[in-house]
$ cat run13.pdb   # PDB, C-alpha atoms
ATOM      1  CA  MET A   1       0.000   0.000   0.000  1.00  0.00           C
ATOM      2  CA  GLY A   2       1.673   3.222  -1.154  1.00  0.00           C
ATOM      3  CA  ARG A   3       1.353   6.650   0.332  1.00  0.00           C
ATOM      4  CA  THR A   4       0.591   9.686  -1.737  1.00  0.00           C
ATOM      5  CA  SER A   5       2.983  12.618  -1.613  1.00  0.00           C
ATOM      6  CA  LYS A   6       0.113  15.056  -1.157  1.00  0.00           C
ATOM      7  CA  LEU A   7      -0.793  15.514   2.489  1.00  0.00           C
ATOM      8  CA  ARG A   8      -4.513  15.337   3.047  1.00  0.00           C
ATOM      9  CA  PHE A   9      -6.483  16.769   5.916  1.00  0.00           C
ATOM     10  CA  ALA A  10      -6.459  14.124   8.622  1.00  0.00           C
ATOM     11  CA  PRO A  11      -9.503  14.606  10.851  1.00  0.00           C
ATOM     12  CA  HIS A  12      -8.715  11.502  12.903  1.00  0.00           C
ATOM     13  CA  PHE A  13      -5.232  12.819  13.688  1.00  0.00           C
ATOM     14  CA  ILE A  14      -6.527  16.231  14.712  1.00  0.00           C
ATOM     15  CA  LEU A  15      -9.346  14.756  16.790  1.00  0.00           C
ATOM     16  CA  GLY A  16      -6.919  12.360  18.464  1.00  0.00           C
ATOM     17  CA  ALA A  17      -4.448  15.142  19.264  1.00  0.00           C
ATOM     18  CA  LEU A  18      -7.231  17.285  20.730  1.00  0.00           C
ATOM     19  CA  LEU A  19      -8.500  14.398  22.855  1.00  0.00           C
ATOM     20  CA  ILE A  20      -4.975  13.746  24.152  1.00  0.00           C
ATOM     21  CA  ALA A  21      -4.524  17.431  25.004  1.00  0.00           C
ATOM     22  CA  ALA A  22      -7.911  17.565  26.753  1.00  0.00           C
ATOM     23  CA  GLY A  23      -7.120  14.403  28.706  1.00  0.00           C
ATOM     24  CA  VAL A  24      -3.750  15.758  29.839  1.00  0.00           C
ATOM     25  CA  LEU A  25      -5.341  19.035  30.961  1.00  0.00           C
ATOM     26  CA  VAL A  26      -8.100  17.286  32.908  1.00  0.00           C
ATOM     27  CA  LEU A  27      -5.586  14.916  34.515  1.00  0.00           C
ATOM     28  CA  LEU A  28      -3.344  17.818  35.561  1.00  0.00           C
ATOM     29  CA  ASP A  29      -6.371  19.628  36.983  1.00  0.00           C
ATOM     30  CA  ASN A  30      -7.483  16.517  38.905  1.00  0.00           C
ATOM     31  CA  LEU A  31      -3.956  16.106  40.314  1.00  0.00           C
ATOM     32  CA  GLU A  32      -4.074  19.790  41.293  1.00  0.00           C
ATOM     33  CA  LEU A  33      -0.924  20.509  39.301  1.00  0.00           C
ATOM     34  CA  VAL A  34      -2.745  23.176  37.313  1.00  0.00           C
ATOM     35  CA  TYR A  35      -5.941  25.065  38.017  1.00  0.00           C
ATOM     36  CA  LEU A  36      -8.321  25.248  35.092  1.00  0.00           C
ATOM     37  CA  GLY A  37     -10.982  27.138  37.033  1.00  0.00           C
ATOM     38  CA  SER A  38     -13.457  28.817  34.721  1.00  0.00           C
ATOM     39  CA  ILE A  39     -11.851  27.272  31.645  1.00  0.00           C
ATOM     40  CA  TRP A  40     -14.628  24.671  31.908  1.00  0.00           C
ATOM     41  CA  GLU A  41     -16.895  27.380  30.495  1.00  0.00           C
ATOM     42  CA  LEU A  42     -15.022  26.809  27.241  1.00  0.00           C
ATOM     43  CA  TRP A  43     -16.541  23.315  27.126  1.00  0.00           C
ATOM     44  CA  ARG A  44     -19.684  24.883  25.680  1.00  0.00           C
ATOM     45  CA  TYR A  45     -17.654  25.569  22.536  1.00  0.00           C
ATOM     46  CA  TRP A  46     -16.686  21.964  21.821  1.00  0.00           C
ATOM     47  CA  PRO A  47     -19.077  21.788  18.832  1.00  0.00           C
ATOM     48  CA  LEU A  48     -16.569  24.033  17.038  1.00  0.00           C
ATOM     49  CA  LEU A  49     -14.445  20.885  16.713  1.00  0.00           C
ATOM     50  CA  LEU A  50     -17.238  19.191  14.767  1.00  0.00           C
ATOM     51  CA  ILE A  51     -17.581  22.258  12.564  1.00  0.00           C
ATOM     52  CA  LEU A  52     -13.837  22.360  11.864  1.00  0.00           C
ATOM     53  CA  LEU A  53     -13.722  18.630  11.125  1.00  0.00           C
ATOM     54  CA  GLY A  54     -16.717  19.014   8.819  1.00  0.00           C
ATOM     55  CA  VAL A  55     -15.148  21.931   6.952  1.00  0.00           C
ATOM     56  CA  GLY A  56     -11.957  19.909   6.520  1.00  0.00           C
ATOM     57  CA  LYS A  57     -13.847  16.854   5.290  1.00  0.00           C
ATOM     58  CA  PHE A  58     -15.971  18.981   2.958  1.00  0.00           C
ATOM     59  CA  TRP A  59     -12.913  20.811   1.612  1.00  0.00           C
ATOM     60  CA  GLU A  60     -10.888  17.642   0.963  1.00  0.00           C
ATOM     61  CA  ALA A  61     -13.807  15.558  -0.326  1.00  0.00           C
ATOM     62  CA  THR A  62     -13.242  13.471  -3.423  1.00  0.00           C
ATOM     63  CA  SER A  63     -16.849  12.302  -3.681  1.00  0.00           C
ATOM     64  CA  MET A  64     -20.325  13.621  -3.035  1.00  0.00           C
ATOM     65  CA  LYS A  65     -20.682  11.181  -0.133  1.00  0.00           C
ATOM     66  CA  GLU A  66     -17.641  12.708   1.568  1.00  0.00           C
ATOM     67  CA  ARG A  67     -19.082  16.172   0.972  1.00  0.00           C
ATOM     68  CA  ARG A  68     -22.393  15.102   2.549  1.00  0.00           C
ATOM     69  CA  ASP A  69     -20.495  13.644   5.508  1.00  0.00           C
ATOM     70  CA  GLY A  70     -18.713  16.976   5.924  1.00  0.00           C
ATOM     71  CA  PHE A  71     -22.019  18.806   5.605  1.00  0.00           C
ATOM     72  CA  TRP A  72     -23.519  16.684   8.401  1.00  0.00           C
ATOM     73  CA  LEU A  73     -20.592  17.353  10.734  1.00  0.00           C
ATOM     74  CA  ILE A  74     -20.983  21.076  10.070  1.00  0.00           C
ATOM     75  CA  ALA A  75     -24.782  20.997  10.486  1.00  0.00           C
ATOM     76  CA  ILE A  76     -24.699  19.057  13.756  1.00  0.00           C
ATOM     77  CA  GLY A  77     -21.856  21.223  15.050  1.00  0.00           C
ATOM     78  CA  VAL A  78     -23.751  24.429  14.268  1.00  0.00           C
ATOM     79  CA  TRP A  79     -26.923  23.061  15.868  1.00  0.00           C
ATOM     80  CA  LEU A  80     -25.092  22.034  19.046  1.00  0.00           C
ATOM     81  CA  LEU A  81     -23.212  25.332  19.244  1.00  0.00           C
ATOM     82  CA  VAL A  82     -26.378  27.417  18.801  1.00  0.00           C
ATOM     83  CA  SER A  83     -28.146  25.287  21.410  1.00  0.00           C
ATOM     84  CA  PHE A  84     -25.338  25.291  23.996  1.00  0.00           C
ATOM     85  CA  LEU A  85     -24.745  29.030  23.681  1.00  0.00           C
ATOM     86  CA  GLU A  86     -28.475  29.752  23.442  1.00  0.00           C
ATOM     87  CA  VAL A  87     -27.924  32.104  20.507  1.00  0.00           C
ATOM     88  CA  PHE A  88     -30.905  34.487  20.313  1.00  0.00           C
ATOM     89  CA  GLY A  89     -32.269  32.682  23.383  1.00  0.00           C
ATOM     90  CA  LEU A  90     -32.649  29.425  21.450  1.00  0.00           C
ATOM     91  CA  GLY A  91     -31.977  26.126  23.203  1.00  0.00           C
ATOM     92  CA  PHE A  92     -32.314  22.483  22.178  1.00  0.00           C
ATOM     93  CA  GLY A  93     -36.103  22.579  22.449  1.00  0.00           C
ATOM     94  CA  GLU A  94     -36.408  25.359  19.889  1.00  0.00           C
ATOM     95  CA  THR A  95     -33.614  24.364  17.498  1.00  0.00           C
ATOM     96  CA  TRP A  96     -34.189  20.648  16.904  1.00  0.00           C
ATOM     97  CA  PRO A  97     -36.153  21.376  13.689  1.00  0.00           C
ATOM     98  CA  LEU A  98     -32.818  22.516  12.209  1.00  0.00           C
ATOM     99  CA  LEU A  99     -31.905  18.822  12.052  1.00  0.00           C
ATOM    100  CA  LEU A 100     -35.024  18.162   9.949  1.00  0.00           C
ATOM    101  CA  ILE A 101     -34.001  20.984   7.619  1.00  0.00           C
ATOM    102  CA  ALA A 102     -30.469  19.569   7.370  1.00  0.00           C
ATOM    103  CA  ALA A 103     -31.875  16.095   6.618  1.00  0.00           C
ATOM    104  CA  GLY A 104     -34.030  17.585   3.865  1.00  0.00           C
ATOM    105  CA  ILE A 105     -31.077  19.433   2.348  1.00  0.00           C
ATOM    106  CA  SER A 106     -29.010  16.248   2.447  1.00  0.00           C
ATOM    107  CA  SER A 107     -31.784  14.237   0.792  1.00  0.00           C
ATOM    108  CA  VAL A 108     -32.306  16.793  -1.986  1.00  0.00           C
ATOM    109  CA  TRP A 109     -28.539  17.032  -2.452  1.00  0.00           C
ATOM    110  CA  GLN A 110     -28.317  13.247  -2.856  1.00  0.00           C
ATOM    111  CA  ALA A 111     -31.220  13.222  -5.319  1.00  0.00           C
ATOM    112  CA  LEU A 112     -29.618  15.940  -7.448  1.00  0.00           C
ATOM    113  CA  SER A 113     -26.171  14.349  -7.341  1.00  0.00           C
ATOM    114  CA  THR A 114     -24.896  13.207 -10.716  1.00  0.00           C
ATOM    115  CA  GLU A 115     -22.316  10.931  -9.108  1.00  0.00           C
ATOM    116  CA  PRO A 116     -23.048   7.193  -9.360  1.00  0.00           C
ATOM    117  CA  ARG A 117     -24.223   5.714  -6.070  1.00  0.00           C
ATOM    118  CA  HIS A 118     -21.743   2.815  -6.089  1.00  0.00           C
ATOM    119  CA  LEU A 119     -18.220   3.597  -7.193  1.00  0.00           C
ATOM    120  CA  LYS A 120     -15.739   0.877  -8.083  1.00  0.00           C
ATOM    121  CA  PRO A 121     -12.707   0.671  -5.769  1.00  0.00           C
ATOM    122  CA  GLN A 122      -9.708   2.476  -7.207  1.00  0.00           C
ATOM    123  CA  GLY A 123      -6.218   1.081  -7.692  1.00  0.00           C
ATOM    124  CA  GLU A 124      -6.678  -2.583  -6.863  1.00  0.00           C
TER     125      GLU A 124
END

$ encode --input "run13.pdb" --output "structure tokens"
Amino acid sequence: MGRTSKLRFAPHFILGALLIAAGVLVLLDNLELVYLGSIWELWRYWPLLLILLGVGKFWEATSMKERRDGFWLIAIGVWLLVSFLEVFGLGFGETWPLLLIAAGISSVWQALSTEPRHLKPQGE
């Protein structure tokens, strides 16, 4: 299995690195080696990670399926962020219909896609 010379966005690597960093910070806080204090307020912004991963997946997509996957990460991230931060006073109870809208967009997008549904594996 060869590697391509072009570096591609690696969402798993970034997610893994962020999880390691978060784990180290929480461990240090629990051991009272550092004091995170009100930094826990930043936890409300974790959906930004989903949005960033979605943008990366969307940007690097080589198929419509990968673009839809990126779209879903972005849509769910935006929904969670709006709900956690209560943007315009909106919480989960008021914003859940956004998921229905996103599902509709995804369905229409798939219907309008000119890409074949089943692609043959490449390079084997």

$ resolve_selection --input "run13.pdb" --expression "the PyMOL selection byres ((chain A and resi 83-96) around 12)" --output "ChimeraX atom specification"
/A:41-48,75-82,97-103

$ atom_distance --input "run13.pdb" --atom1 "atom CA of Ala17 of chain A" --atom2 "atom CA of Leu53 of chain A"
12.8 Å

$ residues_around --input "run13.pdb" --residues "Leu18 of chain A" --least-positions-apart "4" --cutoff "12 Å" --atoms "all atoms listed in the file" --output "list in words"
Pro11, His12, Phe13, Ile14, Ala22, Gly23, Val24, Leu25, Trp46, Leu49, Leu50 and Leu53 of chain A

$ resolve_selection --input "run13.pdb" --expression "the PyMOL selection byres ((chain A and resi 71) around 12)" --output "CSV table (one decimal) with C-alpha atoms, in the coordinates of the input"
chain,number,residue,atom,x,y,z
A,50,LEU,CA,-17.2,19.2,14.8
A,51,ILE,CA,-17.6,22.3,12.6
A,52,LEU,CA,-13.8,22.4,11.9
A,53,LEU,CA,-13.7,18.6,11.1
A,54,GLY,CA,-16.7,19.0,8.8
A,55,VAL,CA,-15.1,21.9,7.0
A,56,GLY,CA,-12.0,19.9,6.5
A,57,LYS,CA,-13.8,16.9,5.3
A,58,PHE,CA,-16.0,19.0,3.0
A,59,TRP,CA,-12.9,20.8,1.6
A,61,ALA,CA,-13.8,15.6,-0.3
A,64,MET,CA,-20.3,13.6,-3.0
A,65,LYS,CA,-20.7,11.2,-0.1
A,66,GLU,CA,-17.6,12.7,1.6
A,67,ARG,CA,-19.1,16.2,1.0
A,68,ARG,CA,-22.4,15.1,2.5
A,69,ASP,CA,-20.5,13.6,5.5
A,70,GLY,CA,-18.7,17.0,5.9
A,72,TRP,CA,-23.5,16.7,8.4
A,73,LEU,CA,-20.6,17.4,10.7
A,74,ILE,CA,-21.0,21.1,10.1
A,75,ALA,CA,-24.8,21.0,10.5
A,76,ILE,CA,-24.7,19.1,13.8
A,77,GLY,CA,-21.9,21.2,15.0
A,78,VAL,CA,-23.8,24.4,14.3
A,99,LEU,CA,-31.9,18.8,12.1
A,102,ALA,CA,-30.5,19.6,7.4
A,103,ALA,CA,-31.9,16.1,6.6
A,105,ILE,CA,-31.1,19.4,2.3
A,106,SER,CA,-29.0,16.2,2.4
A,107,SER,CA,-31.8,14.2,0.8
A,109,TRP,CA,-28.5,17.0,-2.5
A,110,GLN,CA,-28.3,13.2,-2.9

$ axis_aligned_box --input "run13.pdb" --around "segment 78-97 of chain A" --padding-each-side "3 Å" --output "JSON"
{"center_x": -29.8, "center_y": 27.6, "center_z": 18.8, "size_x": 19.2, "size_y": 19.8, "size_z": 16.3}

$ atom_distance --input "run13.pdb" --atom1 "atom CA of Leu19 of chain A" --atom2 "atom CA of Thr62 of chain A"
26.7 Å

$ atom_distance --input "run13.pdb" --atom1 "atom CA of Ala111 of chain A" --atom2 "atom CA of Glu60 of chain A"
21.7 Å

$ decode --input "run13.pdb" --residues "chain A" --atoms "C-alpha atoms" --output "PDB file, in the first residue's frame"
ATOM      1  CA  MET A   1       0.000   0.000   0.000  1.00  0.00           C
ATOM      2  CA  GLY A   2       1.673   3.222  -1.154  1.00  0.00           C
ATOM      3  CA  ARG A   3       1.353   6.650   0.332  1.00  0.00           C
ATOM      4  CA  THR A   4       0.591   9.686  -1.737  1.00  0.00           C
ATOM      5  CA  SER A   5       2.983  12.618  -1.613  1.00  0.00           C
ATOM      6  CA  LYS A   6       0.113  15.056  -1.157  1.00  0.00           C
ATOM      7  CA  LEU A   7      -0.793  15.514   2.489  1.00  0.00           C
ATOM      8  CA  ARG A   8      -4.513  15.337   3.047  1.00  0.00           C
ATOM      9  CA  PHE A   9      -6.483  16.769   5.916  1.00  0.00           C
ATOM     10  CA  ALA A  10      -6.459  14.124   8.622  1.00  0.00           C
ATOM     11  CA  PRO A  11      -9.503  14.606  10.851  1.00  0.00           C
ATOM     12  CA  HIS A  12      -8.715  11.502  12.903  1.00  0.00           C
ATOM     13  CA  PHE A  13      -5.232  12.819  13.688  1.00  0.00           C
ATOM     14  CA  ILE A  14      -6.527  16.231  14.712  1.00  0.00           C
ATOM     15  CA  LEU A  15      -9.346  14.756  16.790  1.00  0.00           C
ATOM     16  CA  GLY A  16      -6.919  12.360  18.464  1.00  0.00           C
ATOM     17  CA  ALA A  17      -4.448  15.142  19.264  1.00  0.00           C
ATOM     18  CA  LEU A  18      -7.231  17.285  20.730  1.00  0.00           C
ATOM     19  CA  LEU A  19      -8.500  14.398  22.855  1.00  0.00           C
ATOM     20  CA  ILE A  20      -4.975  13.746  24.152  1.00  0.00           C
ATOM     21  CA  ALA A  21      -4.524  17.431  25.004  1.00  0.00           C
ATOM     22  CA  ALA A  22      -7.911  17.565  26.753  1.00  0.00           C
ATOM     23  CA  GLY A  23      -7.120  14.403  28.706  1.00  0.00           C
ATOM     24  CA  VAL A  24      -3.750  15.758  29.839  1.00  0.00           C
ATOM     25  CA  LEU A  25      -5.341  19.035  30.961  1.00  0.00           C
ATOM     26  CA  VAL A  26      -8.100  17.286  32.908  1.00  0.00           C
ATOM     27  CA  LEU A  27      -5.586  14.916  34.515  1.00  0.00           C
ATOM     28  CA  LEU A  28      -3.344  17.818  35.561  1.00  0.00           C
ATOM     29  CA  ASP A  29      -6.371  19.628  36.983  1.00  0.00           C
ATOM     30  CA  ASN A  30      -7.483  16.517  38.905  1.00  0.00           C
ATOM     31  CA  LEU A  31      -3.956  16.106  40.314  1.00  0.00           C
ATOM     32  CA  GLU A  32      -4.074  19.790  41.293  1.00  0.00           C
ATOM     33  CA  LEU A  33      -0.924  20.509  39.301  1.00  0.00           C
ATOM     34  CA  VAL A  34      -2.745  23.176  37.313  1.00  0.00           C
ATOM     35  CA  TYR A  35      -5.941  25.065  38.017  1.00  0.00           C
ATOM     36  CA  LEU A  36      -8.321  25.248  35.092  1.00  0.00           C
ATOM     37  CA  GLY A  37     -10.982  27.138  37.033  1.00  0.00           C
ATOM     38  CA  SER A  38     -13.457  28.817  34.721  1.00  0.00           C
ATOM     39  CA  ILE A  39     -11.851  27.272  31.645  1.00  0.00           C
ATOM     40  CA  TRP A  40     -14.628  24.671  31.908  1.00  0.00           C
ATOM     41  CA  GLU A  41     -16.895  27.380  30.495  1.00  0.00           C
ATOM     42  CA  LEU A  42     -15.022  26.809  27.241  1.00  0.00           C
ATOM     43  CA  TRP A  43     -16.541  23.315  27.126  1.00  0.00           C
ATOM     44  CA  ARG A  44     -19.684  24.883  25.680  1.00  0.00           C
ATOM     45  CA  TYR A  45     -17.654  25.569  22.536  1.00  0.00           C
ATOM     46  CA  TRP A  46     -16.686  21.964  21.821  1.00  0.00           C
ATOM     47  CA  PRO A  47     -19.077  21.788  18.832  1.00  0.00           C
ATOM     48  CA  LEU A  48     -16.569  24.033  17.038  1.00  0.00           C
ATOM     49  CA  LEU A  49     -14.445  20.885  16.713  1.00  0.00           C
ATOM     50  CA  LEU A  50     -17.238  19.191  14.767  1.00  0.00           C
ATOM     51  CA  ILE A  51     -17.581  22.258  12.564  1.00  0.00           C
ATOM     52  CA  LEU A  52     -13.837  22.360  11.864  1.00  0.00           C
ATOM     53  CA  LEU A  53     -13.722  18.630  11.125  1.00  0.00           C
ATOM     54  CA  GLY A  54     -16.717  19.014   8.819  1.00  0.00           C
ATOM     55  CA  VAL A  55     -15.148  21.931   6.952  1.00  0.00           C
ATOM     56  CA  GLY A  56     -11.957  19.909   6.520  1.00  0.00           C
ATOM     57  CA  LYS A  57     -13.847  16.854   5.290  1.00  0.00           C
ATOM     58  CA  PHE A  58     -15.971  18.981   2.958  1.00  0.00           C
ATOM     59  CA  TRP A  59     -12.913  20.811   1.612  1.00  0.00           C
ATOM     60  CA  GLU A  60     -10.888  17.642   0.963  1.00  0.00           C
ATOM     61  CA  ALA A  61     -13.807  15.558  -0.326  1.00  0.00           C
ATOM     62  CA  THR A  62     -13.242  13.471  -3.423  1.00  0.00           C
ATOM     63  CA  SER A  63     -16.849  12.302  -3.681  1.00  0.00           C
ATOM     64  CA  MET A  64     -20.325  13.621  -3.035  1.00  0.00           C
ATOM     65  CA  LYS A  65     -20.682  11.181  -0.133  1.00  0.00           C
ATOM     66  CA  GLU A  66     -17.641  12.708   1.568  1.00  0.00           C
ATOM     67  CA  ARG A  67     -19.082  16.172   0.972  1.00  0.00           C
ATOM     68  CA  ARG A  68     -22.393  15.102   2.549  1.00  0.00           C
ATOM     69  CA  ASP A  69     -20.495  13.644   5.508  1.00  0.00           C
ATOM     70  CA  GLY A  70     -18.713  16.976   5.924  1.00  0.00           C
ATOM     71  CA  PHE A  71     -22.019  18.806   5.605  1.00  0.00           C
ATOM     72  CA  TRP A  72     -23.519  16.684   8.401  1.00  0.00           C
ATOM     73  CA  LEU A  73     -20.592  17.353  10.734  1.00  0.00           C
ATOM     74  CA  ILE A  74     -20.983  21.076  10.070  1.00  0.00           C
ATOM     75  CA  ALA A  75     -24.782  20.997  10.486  1.00  0.00           C
ATOM     76  CA  ILE A  76     -24.699  19.057  13.756  1.00  0.00           C
ATOM     77  CA  GLY A  77     -21.856  21.223  15.050  1.00  0.00           C
ATOM     78  CA  VAL A  78     -23.751  24.429  14.268  1.00  0.00           C
ATOM     79  CA  TRP A  79     -26.923  23.061  15.868  1.00  0.00           C
ATOM     80  CA  LEU A  80     -25.092  22.034  19.046  1.00  0.00           C
ATOM     81  CA  LEU A  81     -23.212  25.332  19.244  1.00  0.00           C
ATOM     82  CA  VAL A  82     -26.378  27.417  18.801  1.00  0.00           C
ATOM     83  CA  SER A  83     -28.146  25.287  21.410  1.00  0.00           C
ATOM     84  CA  PHE A  84     -25.338  25.291  23.996  1.00  0.00           C
ATOM     85  CA  LEU A  85     -24.745  29.030  23.681  1.00  0.00           C
ATOM     86  CA  GLU A  86     -28.475  29.752  23.442  1.00  0.00           C
ATOM     87  CA  VAL A  87     -27.924  32.104  20.507  1.00  0.00           C
ATOM     88  CA  PHE A  88     -30.905  34.487  20.313  1.00  0.00           C
ATOM     89  CA  GLY A  89     -32.269  32.682  23.383  1.00  0.00           C
ATOM     90  CA  LEU A  90     -32.649  29.425  21.450  1.00  0.00           C
ATOM     91  CA  GLY A  91     -31.977  26.126  23.203  1.00  0.00           C
ATOM     92  CA  PHE A  92     -32.314  22.483  22.178  1.00  0.00           C
ATOM     93  CA  GLY A  93     -36.103  22.579  22.449  1.00  0.00           C
ATOM     94  CA  GLU A  94     -36.408  25.359  19.889  1.00  0.00           C
ATOM     95  CA  THR A  95     -33.614  24.364  17.498  1.00  0.00           C
ATOM     96  CA  TRP A  96     -34.189  20.648  16.904  1.00  0.00           C
ATOM     97  CA  PRO A  97     -36.153  21.376  13.689  1.00  0.00           C
ATOM     98  CA  LEU A  98     -32.818  22.516  12.209  1.00  0.00           C
ATOM     99  CA  LEU A  99     -31.905  18.822  12.052  1.00  0.00           C
ATOM    100  CA  LEU A 100     -35.024  18.162   9.949  1.00  0.00           C
ATOM    101  CA  ILE A 101     -34.001  20.984   7.619  1.00  0.00           C
ATOM    102  CA  ALA A 102     -30.469  19.569   7.370  1.00  0.00           C
ATOM    103  CA  ALA A 103     -31.875  16.095   6.618  1.00  0.00           C
ATOM    104  CA  GLY A 104     -34.030  17.585   3.865  1.00  0.00           C
ATOM    105  CA  ILE A 105     -31.077  19.433   2.348  1.00  0.00           C
ATOM    106  CA  SER A 106     -29.010  16.248   2.447  1.00  0.00           C
ATOM    107  CA  SER A 107     -31.784  14.237   0.792  1.00  0.00           C
ATOM    108  CA  VAL A 108     -32.306  16.793  -1.986  1.00  0.00           C
ATOM    109  CA  TRP A 109     -28.539  17.032  -2.452  1.00  0.00           C
ATOM    110  CA  GLN A 110     -28.317  13.247  -2.856  1.00  0.00           C
ATOM    111  CA  ALA A 111     -31.220  13.222  -5.319  1.00  0.00           C
ATOM    112  CA  LEU A 112     -29.618  15.940  -7.448  1.00  0.00           C
ATOM    113  CA  SER A 113     -26.171  14.349  -7.341  1.00  0.00           C
ATOM    114  CA  THR A 114     -24.896  13.207 -10.716  1.00  0.00           C
ATOM    115  CA  GLU A 115     -22.316  10.931  -9.108  1.00  0.00           C
ATOM    116  CA  PRO A 116     -23.048   7.193  -9.360  1.00  0.00           C
ATOM    117  CA  ARG A 117     -24.223   5.714  -6.070  1.00  0.00           C
ATOM    118  CA  HIS A 118     -21.743   2.815  -6.089  1.00  0.00           C
ATOM    119  CA  LEU A 119     -18.220   3.597  -7.193  1.00  0.00           C
ATOM    120  CA  LYS A 120     -15.739   0.877  -8.083  1.00  0.00           C
ATOM    121  CA  PRO A 121     -12.707   0.671  -5.769  1.00  0.00           C
ATOM    122  CA  GLN A 122      -9.708   2.476  -7.207  1.00  0.00           C
ATOM    123  CA  GLY A 123      -6.218   1.081  -7.692  1.00  0.00           C
ATOM    124  CA  GLU A 124      -6.678  -2.583  -6.863  1.00  0.00           C
TER     125      GLU A 124
END
